[in-house]
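Have a look at start-v7.txt below; it lists compact mmCIF, C-alpha atoms.
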# COMPACT_ATOMS: atom_id res chain seq x y z
CA MET A 1 32.74 5.71 -42.05
CA ALA A 2 30.27 4.85 -39.33
CA ARG A 3 30.25 4.25 -35.62
CA ARG A 4 27.90 2.57 -33.19
CA GLU A 5 25.50 4.33 -30.85
CA GLY A 6 27.05 6.39 -28.11
CA LEU A 7 28.05 9.96 -27.50
CA ARG A 8 28.39 11.70 -30.84
CA PRO A 9 31.77 13.42 -31.18
CA GLY A 10 31.68 17.20 -31.56
CA ARG A 11 31.91 18.67 -35.03
CA GLY A 12 33.78 21.97 -35.28
CA ARG A 13 33.74 24.72 -32.68
CA HIS A 14 31.14 25.44 -30.05
CA LEU A 15 28.22 27.42 -31.43
CA LEU A 16 29.58 30.71 -30.08
CA GLY A 17 33.32 29.74 -30.26
CA SER A 18 36.06 32.34 -30.44
CA ILE A 19 34.66 34.35 -33.32
CA HIS A 20 33.79 37.98 -34.02
CA PRO A 21 31.23 39.41 -31.49
CA MET A 22 28.70 40.37 -34.19
CA LYS A 23 28.92 36.89 -35.67
CA SER A 24 28.45 35.50 -32.16
CA LEU A 25 25.30 37.58 -31.76
CA SER A 26 23.88 36.50 -35.13
CA ARG A 27 24.54 32.86 -34.36
CA LEU A 28 22.95 33.23 -30.93
CA LEU A 29 19.83 34.74 -32.51
CA PHE A 30 19.71 31.91 -35.05
CA PHE A 31 20.06 29.39 -32.23
CA CYS A 32 17.21 31.00 -30.27
CA VAL A 33 14.93 31.00 -33.32
CA CYS A 34 15.64 27.29 -33.87
CA VAL A 35 14.96 26.48 -30.21
CA SER A 36 11.69 28.46 -30.31
CA ALA A 37 10.55 26.62 -33.44
CA VAL A 38 11.26 23.25 -31.84
CA ALA A 39 9.50 24.28 -28.62
CA ALA A 40 6.39 25.32 -30.54
CA GLN A 41 6.25 22.00 -32.36
CA SER A 42 4.82 18.97 -30.57
CA ILE A 43 6.76 15.76 -31.17
CA GLU A 44 6.07 12.34 -29.65
CA GLU A 45 7.34 8.82 -30.30
CA LEU A 46 4.74 6.08 -29.90
CA PRO A 47 5.10 2.30 -30.11
CA LEU A 48 3.26 0.96 -33.13
CA ARG A 49 2.88 -2.44 -31.47
CA PRO A 50 2.84 -3.54 -27.82
CA PRO A 51 6.25 -4.07 -26.23
CA LEU A 52 7.64 -7.59 -26.39
CA PRO A 53 6.89 -9.90 -23.44
CA ALA A 54 9.36 -9.70 -20.59
CA ASN A 55 10.56 -13.26 -21.15
CA THR A 56 11.44 -12.61 -24.81
CA ALA A 57 15.08 -13.16 -25.72
CA PRO A 58 16.56 -9.63 -25.83
CA THR A 59 17.66 -8.14 -29.13
CA ILE A 60 19.56 -4.88 -28.84
CA GLU A 61 18.51 -2.30 -31.41
CA GLU A 62 21.57 -0.82 -33.11
CA VAL A 63 22.10 2.75 -34.22
CA VAL A 64 25.03 3.52 -36.51
CA TYR A 65 26.23 7.09 -37.00
CA ARG A 66 27.17 7.54 -40.65
CA HIS A 67 29.63 10.37 -41.23
CA ASN A 68 28.40 11.62 -44.58
CA ASN A 69 25.20 12.78 -46.25
CA TYR A 70 24.03 14.65 -43.14
CA ASP A 71 20.52 16.02 -42.70
CA ASP A 72 19.70 19.57 -41.62
CA ARG A 73 20.71 18.74 -38.03
CA GLY A 74 24.03 17.13 -38.93
CA LEU A 75 22.85 13.55 -38.47
CA ASN A 76 22.63 10.48 -40.67
CA ARG A 77 21.78 7.55 -38.43
CA ALA A 78 21.05 4.03 -39.62
CA VAL A 79 18.85 1.92 -37.34
CA GLN A 80 19.12 -1.87 -37.37
CA LYS A 81 17.64 -4.81 -35.46
CA VAL A 82 14.34 -3.05 -34.79
CA THR A 83 12.05 -5.22 -32.65
CA VAL A 84 9.52 -2.62 -31.49
CA PRO A 85 8.41 -0.42 -34.41
CA THR A 86 7.52 3.16 -33.55
CA LEU A 87 5.95 6.26 -35.03
CA THR A 88 7.57 9.61 -34.26
CA VAL A 89 4.73 12.07 -34.77
CA TYR A 90 5.40 15.69 -35.70
CA HIS A 91 2.29 17.74 -34.96
CA PRO A 92 2.01 21.11 -36.72
CA ALA A 93 2.50 24.09 -34.43
CA ARG A 94 -0.56 25.90 -35.82
CA PRO A 95 -2.99 23.41 -37.38
CA ALA A 96 -5.74 25.11 -39.38
CA GLY A 97 -8.66 22.72 -39.04
CA PRO A 98 -8.48 19.05 -40.00
CA GLY A 99 -5.49 18.70 -42.30
CA PRO A 100 -3.55 16.00 -44.13
CA ALA A 101 -1.22 13.45 -42.56
CA LEU A 102 1.85 11.82 -44.03
CA ILE A 103 3.43 8.56 -42.87
CA VAL A 104 7.12 8.55 -43.83
CA CYS A 105 8.99 5.30 -44.51
CA PRO A 106 12.76 5.93 -44.64
CA GLY A 107 14.87 3.88 -47.03
CA GLY A 108 17.95 1.79 -46.40
CA GLY A 109 17.81 -1.11 -48.84
CA TYR A 110 15.79 -3.16 -46.33
CA SER A 111 19.05 -3.59 -44.38
CA TYR A 112 18.64 -0.53 -42.11
CA VAL A 113 16.29 2.42 -41.59
CA ALA A 114 17.81 5.78 -42.67
CA ILE A 115 15.92 7.52 -39.90
CA ASP A 116 17.31 11.06 -40.23
CA ARG A 117 17.81 12.17 -43.84
CA GLU A 118 14.74 10.28 -45.12
CA GLY A 119 12.75 10.39 -41.90
CA HIS A 120 13.00 13.08 -39.22
CA ALA A 121 14.20 15.76 -41.65
CA LEU A 122 10.97 15.30 -43.62
CA GLY A 123 8.96 15.30 -40.40
CA ARG A 124 10.32 18.71 -39.42
CA TYR A 125 9.95 20.13 -42.92
CA PHE A 126 6.38 19.11 -43.70
CA SER A 127 4.98 19.61 -40.19
CA ALA A 128 6.22 23.21 -40.42
CA ARG A 129 3.93 23.45 -43.46
CA GLY A 130 0.79 22.25 -41.69
CA ILE A 131 1.00 18.49 -42.27
CA THR A 132 0.98 15.98 -39.43
CA VAL A 133 3.94 13.68 -40.13
CA ALA A 134 4.50 10.24 -38.60
CA VAL A 135 8.00 8.84 -39.20
CA LEU A 136 7.91 5.06 -39.19
CA LYS A 137 10.78 3.10 -37.66
CA TYR A 138 9.81 -0.29 -39.03
CA ARG A 139 11.03 -3.81 -38.45
CA LEU A 140 13.33 -4.98 -41.20
CA PRO A 141 12.18 -7.97 -43.23
CA ASP A 142 13.29 -11.43 -42.19
CA PRO A 143 12.51 -13.95 -44.98
CA THR A 144 13.15 -16.88 -42.61
CA ALA A 145 10.43 -15.61 -40.25
CA THR A 146 7.85 -14.97 -42.99
CA PRO A 147 8.73 -17.37 -45.83
CA ALA A 148 5.26 -17.14 -47.38
CA GLY A 149 3.50 -14.43 -45.39
CA LEU A 150 3.64 -10.68 -45.33
CA PRO A 151 7.14 -9.33 -44.57
CA LEU A 152 7.55 -7.62 -41.20
CA SER A 153 8.20 -4.25 -42.82
CA GLN A 154 4.97 -4.44 -44.83
CA GLN A 155 3.05 -5.48 -41.71
CA ASP A 156 4.30 -2.34 -39.97
CA GLY A 157 3.51 -0.08 -42.94
CA LEU A 158 -0.12 -1.21 -43.03
CA ALA A 159 -0.43 -0.96 -39.25
CA ALA A 160 0.95 2.59 -39.37
CA VAL A 161 -1.88 3.75 -41.64
CA GLN A 162 -4.44 2.15 -39.33
CA PHE A 163 -2.76 3.70 -36.28
CA VAL A 164 -2.82 7.24 -37.70
CA ARG A 165 -6.36 6.91 -39.05
CA ALA A 166 -7.63 5.74 -35.65
CA ARG A 167 -6.26 8.96 -34.11
CA ALA A 168 -7.47 11.34 -36.80
CA ALA A 169 -9.96 13.14 -34.58
CA GLU A 170 -7.51 13.37 -31.66
CA TRP A 171 -4.72 14.77 -33.84
CA GLY A 172 -6.83 17.09 -36.00
CA ILE A 173 -6.36 15.03 -39.17
CA ASP A 174 -8.74 14.71 -42.09
CA PRO A 175 -9.28 10.92 -42.21
CA ARG A 176 -9.71 11.15 -46.00
CA ARG A 177 -6.25 12.72 -46.49
CA ILE A 178 -3.85 10.24 -44.91
CA GLY A 179 -0.95 9.44 -47.21
CA ILE A 180 2.25 7.46 -47.13
CA LEU A 181 5.68 8.47 -48.45
CA GLY A 182 8.85 6.46 -48.85
CA GLY A 183 12.28 6.75 -50.40
CA SER A 184 14.24 3.97 -52.14
CA ALA A 185 13.42 0.68 -50.36
CA GLY A 186 11.15 2.77 -48.14
CA GLY A 187 9.46 3.71 -51.42
CA HIS A 188 8.92 0.03 -52.11
CA LEU A 189 7.42 -0.30 -48.64
CA ALA A 190 5.14 2.71 -49.16
CA GLY A 191 4.17 1.42 -52.60
CA SER A 192 3.41 -2.00 -51.11
CA VAL A 193 1.07 -0.38 -48.59
CA GLY A 194 -0.65 1.41 -51.46
CA VAL A 195 -1.18 -1.94 -53.19
CA LEU A 196 -2.05 -4.04 -50.14
CA GLY A 197 -4.06 -1.60 -48.02
CA THR A 198 -7.84 -1.88 -47.90
CA ALA A 199 -10.57 0.56 -46.95
CA ALA A 200 -12.36 -2.12 -44.95
CA ASP A 201 -9.68 -2.29 -42.23
CA GLY A 202 -8.48 1.32 -42.52
CA SER A 203 -5.06 0.41 -43.95
CA ARG A 204 -5.54 1.95 -47.41
CA PRO A 205 -3.67 5.26 -47.76
CA ASP A 206 -5.45 8.08 -49.57
CA PHE A 207 -2.34 9.00 -51.57
CA VAL A 208 1.14 7.59 -52.12
CA VAL A 209 4.39 9.54 -52.59
CA LEU A 210 7.39 7.61 -53.89
CA LEU A 211 10.89 9.11 -53.91
CA TYR A 212 13.32 7.24 -56.19
CA PRO A 213 11.48 4.02 -55.27
CA VAL A 214 12.50 0.42 -55.69
CA VAL A 215 9.71 -0.99 -57.87
CA PHE A 216 11.16 -3.83 -59.96
CA LEU A 217 12.32 -7.00 -58.23
CA GLU A 218 13.57 -8.62 -61.44
CA GLY A 219 14.94 -7.51 -64.77
CA PRO A 220 17.51 -4.83 -65.71
CA TYR A 221 16.09 -2.14 -63.41
CA ALA A 222 15.72 -4.31 -60.30
CA HIS A 223 17.49 -3.57 -57.03
CA ALA A 224 18.78 -7.04 -56.26
CA GLY A 225 19.87 -6.26 -52.71
CA SER A 226 16.41 -5.09 -51.67
CA ARG A 227 14.82 -8.17 -53.22
CA THR A 228 17.17 -10.54 -51.39
CA ARG A 229 16.66 -8.88 -48.02
CA LEU A 230 12.89 -8.76 -48.54
CA LEU A 231 12.26 -12.22 -49.99
CA GLY A 232 15.46 -14.24 -49.54
CA ALA A 233 18.19 -15.43 -51.89
CA THR A 234 16.03 -17.65 -54.11
CA PRO A 235 12.40 -16.50 -53.98
CA ALA A 236 9.81 -18.35 -56.01
CA PRO A 237 8.51 -16.59 -59.15
CA ASP A 238 5.06 -16.07 -57.65
CA ARG A 239 6.64 -14.46 -54.59
CA ILE A 240 8.60 -12.06 -56.79
CA ALA A 241 5.44 -11.23 -58.73
CA GLU A 242 3.55 -10.58 -55.48
CA PHE A 243 5.95 -7.80 -54.47
CA SER A 244 6.90 -6.40 -57.88
CA LEU A 245 4.85 -3.21 -57.73
CA GLU A 246 4.53 -2.67 -61.48
CA ARG A 247 2.78 -6.04 -61.71
CA ARG A 248 0.27 -5.09 -59.01
CA ALA A 249 -1.10 -2.00 -60.77
CA ARG A 250 -4.88 -2.07 -60.98
CA ALA A 251 -7.91 0.21 -60.91
CA GLY A 252 -8.89 1.69 -57.57
CA LEU A 253 -5.41 2.30 -56.17
CA PRO A 254 -4.70 5.68 -54.52
CA PRO A 255 -3.24 8.59 -56.52
CA HIS A 256 0.56 8.45 -56.77
CA PHE A 257 3.26 11.14 -56.92
CA PHE A 258 6.74 10.05 -58.03
CA VAL A 259 10.08 11.85 -57.75
CA HIS A 260 13.25 10.56 -59.41
CA ALA A 261 16.58 12.00 -60.56
CA ARG A 262 17.68 11.27 -64.09
CA ASP A 263 21.23 10.64 -62.83
CA ASP A 264 20.17 8.03 -60.24
CA LYS A 265 22.54 5.09 -60.65
CA GLY A 266 21.35 3.14 -57.61
CA VAL A 267 17.68 2.78 -58.61
CA PRO A 268 17.16 3.84 -62.25
CA PRO A 269 14.31 6.24 -63.19
CA PRO A 270 12.32 3.58 -65.11
CA ASN A 271 11.27 2.25 -61.70
CA SER A 272 9.13 5.37 -61.33
CA GLU A 273 8.31 5.97 -64.98
CA GLN A 274 7.10 2.48 -65.80
CA TYR A 275 5.12 2.01 -62.60
CA ALA A 276 3.41 5.35 -63.19
CA ALA A 277 2.58 4.30 -66.75
CA ALA A 278 1.11 1.01 -65.49
CA LEU A 279 -1.05 2.88 -62.98
CA ARG A 280 -2.32 5.29 -65.62
CA THR A 281 -3.27 2.34 -67.82
CA HIS A 282 -5.76 1.41 -65.10
CA GLY A 283 -7.03 4.95 -64.61
CA VAL A 284 -5.05 5.68 -61.43
CA PRO A 285 -3.74 9.27 -61.28
CA ALA A 286 0.06 9.18 -61.31
CA GLU A 287 2.34 12.21 -61.65
CA VAL A 288 6.08 11.88 -62.19
CA LEU A 289 8.59 14.63 -61.44
CA LEU A 290 11.97 13.91 -63.01
CA VAL A 291 14.76 16.17 -61.79
CA GLU A 292 18.00 16.40 -63.72
CA THR A 293 20.42 15.91 -60.82
CA GLY A 294 20.41 14.56 -57.29
CA GLY A 295 21.56 10.99 -57.65
CA HIS A 296 20.05 8.49 -55.25
CA GLY A 297 18.86 9.09 -51.71
CA PHE A 298 18.70 12.89 -51.81
CA GLY A 299 15.90 13.24 -49.24
CA LEU A 300 14.73 16.86 -49.11
CA GLY A 301 17.29 17.72 -51.78
CA ARG A 302 20.93 17.62 -52.71
CA GLY A 303 20.92 21.06 -54.28
CA PRO A 304 18.22 23.36 -55.74
CA GLU A 305 17.30 21.02 -58.61
CA SER A 306 16.47 17.99 -56.49
CA ALA A 307 15.02 20.14 -53.69
CA ARG A 308 12.23 21.49 -55.89
CA TRP A 309 10.17 18.32 -55.44
CA THR A 310 8.86 19.46 -52.05
CA GLU A 311 6.92 22.43 -53.41
CA ALA A 312 5.77 20.40 -56.41
CA PHE A 313 4.42 17.74 -54.05
CA LEU A 314 2.65 20.31 -51.86
CA GLY A 315 0.99 21.77 -54.94
CA TRP A 316 -0.08 18.30 -56.08
CA LEU A 317 -1.49 17.52 -52.63
CA GLN A 318 -3.47 20.76 -52.67
CA ARG A 319 -4.99 19.82 -56.03
CA LEU A 320 -6.12 16.43 -54.70
CA ARG A 321 -8.84 18.09 -52.62
I'd like the structure from this file rewritten - as structure tokens, please.
Amino acid sequence: MARREGLRPGRGRHLLGSIHPMKSLSRLLFFCVCVSAVAAQSIEELPLRPPLPANTAPTIEEVVYRHNNYDDRGLNRAVQKVTVPTLTVYHPARPAGPGPALIVCPGGGYSYVAIDREGHALGRYFSARGITVAVLKYRLPDPTATPAGLPLSQQDGLAAVQFVRARAAEWGIDPRRIGILGGSAGGHLAGSVGVLGTAADGSRPDFVVLLYPVVFLEGPYAHAGSRTRLLGATPAPDRIAEFSLERRARAGLPPHFFVHARDDKGVPPPNSEQYAAALRTHGVPAEVLLVETGGHGFGLGRGPESARWTEAFLGWLQRLR
């Protein structure tokens, strides 16, 4: 079930409800700790591109509240009809010198942006561990608007890397440690930025993290829905080849870290395994973490097994130095 943007109905009792006094006290303390953590953390949302001209025909951005698969704050919003892409930047509370940055591209099958479970939840988690995180709310692709050019989503992904790199000194970021992460179709977007970005214009990420990514756009492991929404119903073969990531592997691409669950029925594990193998063929470092359970779209984790990727990734990132 889902509902459109508006006041979110309450879930359960008030925080301090009619419960035992000691439980009330413990919950109050927990609440205060959470508020203090949020207060110590600097968060800002910035437009990635200038606002549309005043005479532009208005398009109302839509936010749908999905009542399942909640993140750590009890939200699972899907954003549609994005016209002004933004970056929500989570600055670490206690940065220790110039550190890494991570641009996060939520998934959603290129039909919406899963902004909470695959976006803001990761921003809170990794910024608490010293990483500056920029959650990208990108424009969804419109094949009729870019029949032969770069899809709108890919335009925004490349611009996001440039945007963060241009502010490296201001935000205390090491300009040589700016990565991009994406899940599912957001993984395809992040992988596309890894393939398309260049050092000359500052759009090349220094590392790429792909969670259960869409890689194949044809064949038995392809995600047909993502391909249609990205390229249209009947894309030409050369257009499919242009955005099939496994066919774009070449020397000189950034190091890649893949995470996939063996029981993923939505986007099968060979999307990660075979792309990683293609990268290694060209000498590109590519590590794959296969977890036994988690299904598709598990974000920070759907249980201890799928949640272990976060520490594995942080260890990998530390070794990249």
Counting all atoms listed in the file, which residues in range 228-318 of chain A sit no more than 10 Å from range 177-192 of chain A? For each one, give the nearest pair of atoms and the distance in Å, sorted by chain then residue number, as a Markdown table.
| residue | atom | partner | partner_atom | distance |
| --- | --- | --- | --- | --- |
| A:Leu230 | CA | A:Ala185 | CA | 9.6 |
| A:Glu242 | CA | A:Ser192 | CA | 9.6 |
| A:Phe243 | CA | A:Ser192 | CA | 7.2 |
| A:Ser244 | CA | A:Ser192 | CA | 8.8 |
| A:Leu245 | CA | A:Ser192 | CA | 6.9 |
| A:Glu246 | CA | A:Gly191 | CA | 9.8 |
| A:Arg248 | CA | A:Ser192 | CA | 9.0 |
| A:Pro254 | CA | A:Gly179 | CA | 9.0 |
| A:Pro255 | CA | A:Gly179 | CA | 9.6 |
| A:His256 | CA | A:Gly191 | CA | 8.9 |
| A:Phe257 | CA | A:Leu181 | CA | 9.2 |
| A:Phe258 | CA | A:Gly187 | CA | 9.6 |
| A:Val259 | CA | A:Gly183 | CA | 9.2 |
| A:His260 | CA | A:Gly183 | CA | 9.8 |
| A:Gly266 | CA | A:Ser184 | CA | 9.0 |
| A:Val267 | CA | A:Ser184 | CA | 7.4 |
| A:His296 | CA | A:Ser184 | CA | 8.0 |
| A:Gly297 | CA | A:Ser184 | CA | 6.9 |
| A:Phe298 | CA | A:Gly183 | CA | 9.0 |
| A:Gly299 | CA | A:Gly183 | CA | 7.5 |
| A:Leu317 | CA | A:Arg177 | CA | 9.1 |
Inset, instruction - Rank nothing, just name the residue among A:Pro147, A:Gly107, A:Pro269, A:Pro51 nearest to Thr234 in chain A, using only C-alpha atoms. - result: A:Pro147
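Residues in contact with Glu287 in chain A at up to 12 Å, not including ones fewer than 4 positions away on its chain and judged by all atoms listed in the file, are Phe207, Val208, Val209, Leu210, Leu211, Pro254, Pro255, His256, Phe257, Phe258, Val259, His260, Ser272, Glu273, Gln274, Tyr275, Ala276, Ala277, Ala278, Leu279, Arg280, Trp309, Ala312, Phe313, Gly315, Trp316, Leu317, Arg319 and Leu320 of chain A.
Using all atoms listed in the file for every distance, the candidate list A:Arg129, A:Ala286, A:Leu150, A:Gly119 yields A:Arg129 as the residue closest to Glu311 in chain A.
We find CA of Gln80 in chain A and CA of Glu62 in chain A to be spaced 5.0 Å apart.
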Inset, instruction - Write out as a ChimeraX atom specification which residues come within 9 Å of Tyr70 in chain A when counting only C-alpha atoms, dropping same-chain ones fewer than 6 positions away. - result: /A:76-77,116-117
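Across the model, the gap from CA of Tyr221 in chain A to CA of Glu305 in chain A is 23.7 Å.
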Inset, instruction - Might you pull out every residue within 12 Å of range 161-170 of chain A, with all atoms listed in the file counted and same-chain residues fewer than 2 positions away left off, and present them as a VMD selection string? - result: chain A and resid 46 to 49 86 to 91 97 to 105 132 to 136 154 to 159 172 to 181 190 193 to 194 196 to 208
So that I have them on file, write out the residues from the current selection with C-alpha atoms, as an mmCIF file, in the coordinates of the input.
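Okay, this is what ended up in out20.cif:
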data_model
loop_
_atom_site.group_PDB
_atom_site.id
_atom_site.type_symbol
_atom_site.label_atom_id
_atom_site.label_comp_id
_atom_site.auth_asym_id
_atom_site.auth_seq_id
_atom_site.Cartn_x
_atom_site.Cartn_y
_atom_site.Cartn_z
ATOM 1 C CA LEU A 46 4.740 6.080 -29.900
ATOM 2 C CA PRO A 47 5.100 2.300 -30.110
ATOM 3 C CA LEU A 48 3.260 0.960 -33.130
ATOM 4 C CA ARG A 49 2.880 -2.440 -31.470
ATOM 5 C CA THR A 86 7.520 3.160 -33.550
ATOM 6 C CA LEU A 87 5.950 6.260 -35.030
ATOM 7 C CA THR A 88 7.570 9.610 -34.260
ATOM 8 C CA VAL A 89 4.730 12.070 -34.770
ATOM 9 C CA TYR A 90 5.400 15.690 -35.700
ATOM 10 C CA HIS A 91 2.290 17.740 -34.960
ATOM 11 C CA GLY A 97 -8.660 22.720 -39.040
ATOM 12 C CA PRO A 98 -8.480 19.050 -40.000
ATOM 13 C CA GLY A 99 -5.490 18.700 -42.300
ATOM 14 C CA PRO A 100 -3.550 16.000 -44.130
ATOM 15 C CA ALA A 101 -1.220 13.450 -42.560
ATOM 16 C CA LEU A 102 1.850 11.820 -44.030
ATOM 17 C CA ILE A 103 3.430 8.560 -42.870
ATOM 18 C CA VAL A 104 7.120 8.550 -43.830
ATOM 19 C CA CYS A 105 8.990 5.300 -44.510
ATOM 20 C CA THR A 132 0.980 15.980 -39.430
ATOM 21 C CA VAL A 133 3.940 13.680 -40.130
ATOM 22 C CA ALA A 134 4.500 10.240 -38.600
ATOM 23 C CA VAL A 135 8.000 8.840 -39.200
ATOM 24 C CA LEU A 136 7.910 5.060 -39.190
ATOM 25 C CA GLN A 154 4.970 -4.440 -44.830
ATOM 26 C CA GLN A 155 3.050 -5.480 -41.710
ATOM 27 C CA ASP A 156 4.300 -2.340 -39.970
ATOM 28 C CA GLY A 157 3.510 -0.080 -42.940
ATOM 29 C CA LEU A 158 -0.120 -1.210 -43.030
ATOM 30 C CA ALA A 159 -0.430 -0.960 -39.250
ATOM 31 C CA GLY A 172 -6.830 17.090 -36.000
ATOM 32 C CA ILE A 173 -6.360 15.030 -39.170
ATOM 33 C CA ASP A 174 -8.740 14.710 -42.090
ATOM 34 C CA PRO A 175 -9.280 10.920 -42.210
ATOM 35 C CA ARG A 176 -9.710 11.150 -46.000
ATOM 36 C CA ARG A 177 -6.250 12.720 -46.490
ATOM 37 C CA ILE A 178 -3.850 10.240 -44.910
ATOM 38 C CA GLY A 179 -0.950 9.440 -47.210
ATOM 39 C CA ILE A 180 2.250 7.460 -47.130
ATOM 40 C CA LEU A 181 5.680 8.470 -48.450
ATOM 41 C CA ALA A 190 5.140 2.710 -49.160
ATOM 42 C CA VAL A 193 1.070 -0.380 -48.590
ATOM 43 C CA GLY A 194 -0.650 1.410 -51.460
ATOM 44 C CA LEU A 196 -2.050 -4.040 -50.140
ATOM 45 C CA GLY A 197 -4.060 -1.600 -48.020
ATOM 46 C CA THR A 198 -7.840 -1.880 -47.900
ATOM 47 C CA ALA A 199 -10.570 0.560 -46.950
ATOM 48 C CA ALA A 200 -12.360 -2.120 -44.950
ATOM 49 C CA ASP A 201 -9.680 -2.290 -42.230
ATOM 50 C CA GLY A 202 -8.480 1.320 -42.520
ATOM 51 C CA SER A 203 -5.060 0.410 -43.950
ATOM 52 C CA ARG A 204 -5.540 1.950 -47.410
ATOM 53 C CA PRO A 205 -3.670 5.260 -47.760
ATOM 54 C CA ASP A 206 -5.450 8.080 -49.570
ATOM 55 C CA PHE A 207 -2.340 9.000 -51.570
ATOM 56 C CA VAL A 208 1.140 7.590 -52.120
#
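Computed from the coordinates, the CA of Ala261 in chain A to CA of Val291 in chain A distance equals 4.7 Å.
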Inset, instruction - Have a look at A:Glu61, A:Asp71, A:Asp142, A:Asp264 and name the one nearest to Ile115 in chain A; count only C-alpha atoms. - result: A:Asp71
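With all atoms listed in the file as the atoms that count, the minimum distance from Leu253 in chain A to the choices A:Arg94, A:His223, A:Arg321, A:His282 is reached by A:His282.
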Show me, as a short mmCIF file (atom, residue, chain, number, x, y, z; two decimals) with C-alpha atoms, in the frame of the given file, the residues that have an atom within 8 Å of Gly252 in chain A when counting only C-alpha atoms, minus same-chain residues fewer than 2 positions from it.
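Just written: around-v3.cif:
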data_model
loop_
_atom_site.label_atom_id
_atom_site.label_comp_id
_atom_site.auth_asym_id
_atom_site.auth_seq_id
_atom_site.Cartn_x
_atom_site.Cartn_y
_atom_site.Cartn_z
CA ARG A 250 -4.88 -2.07 -60.98
CA PRO A 254 -4.70 5.68 -54.52
CA GLY A 283 -7.03 4.95 -64.61
CA VAL A 284 -5.05 5.68 -61.43
#
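With all atoms listed in the file as the atoms that count, the minimum distance from Val79 in chain A to the choices A:Lys137, A:Arg239, A:Arg229, A:Arg262 is reached by A:Lys137.
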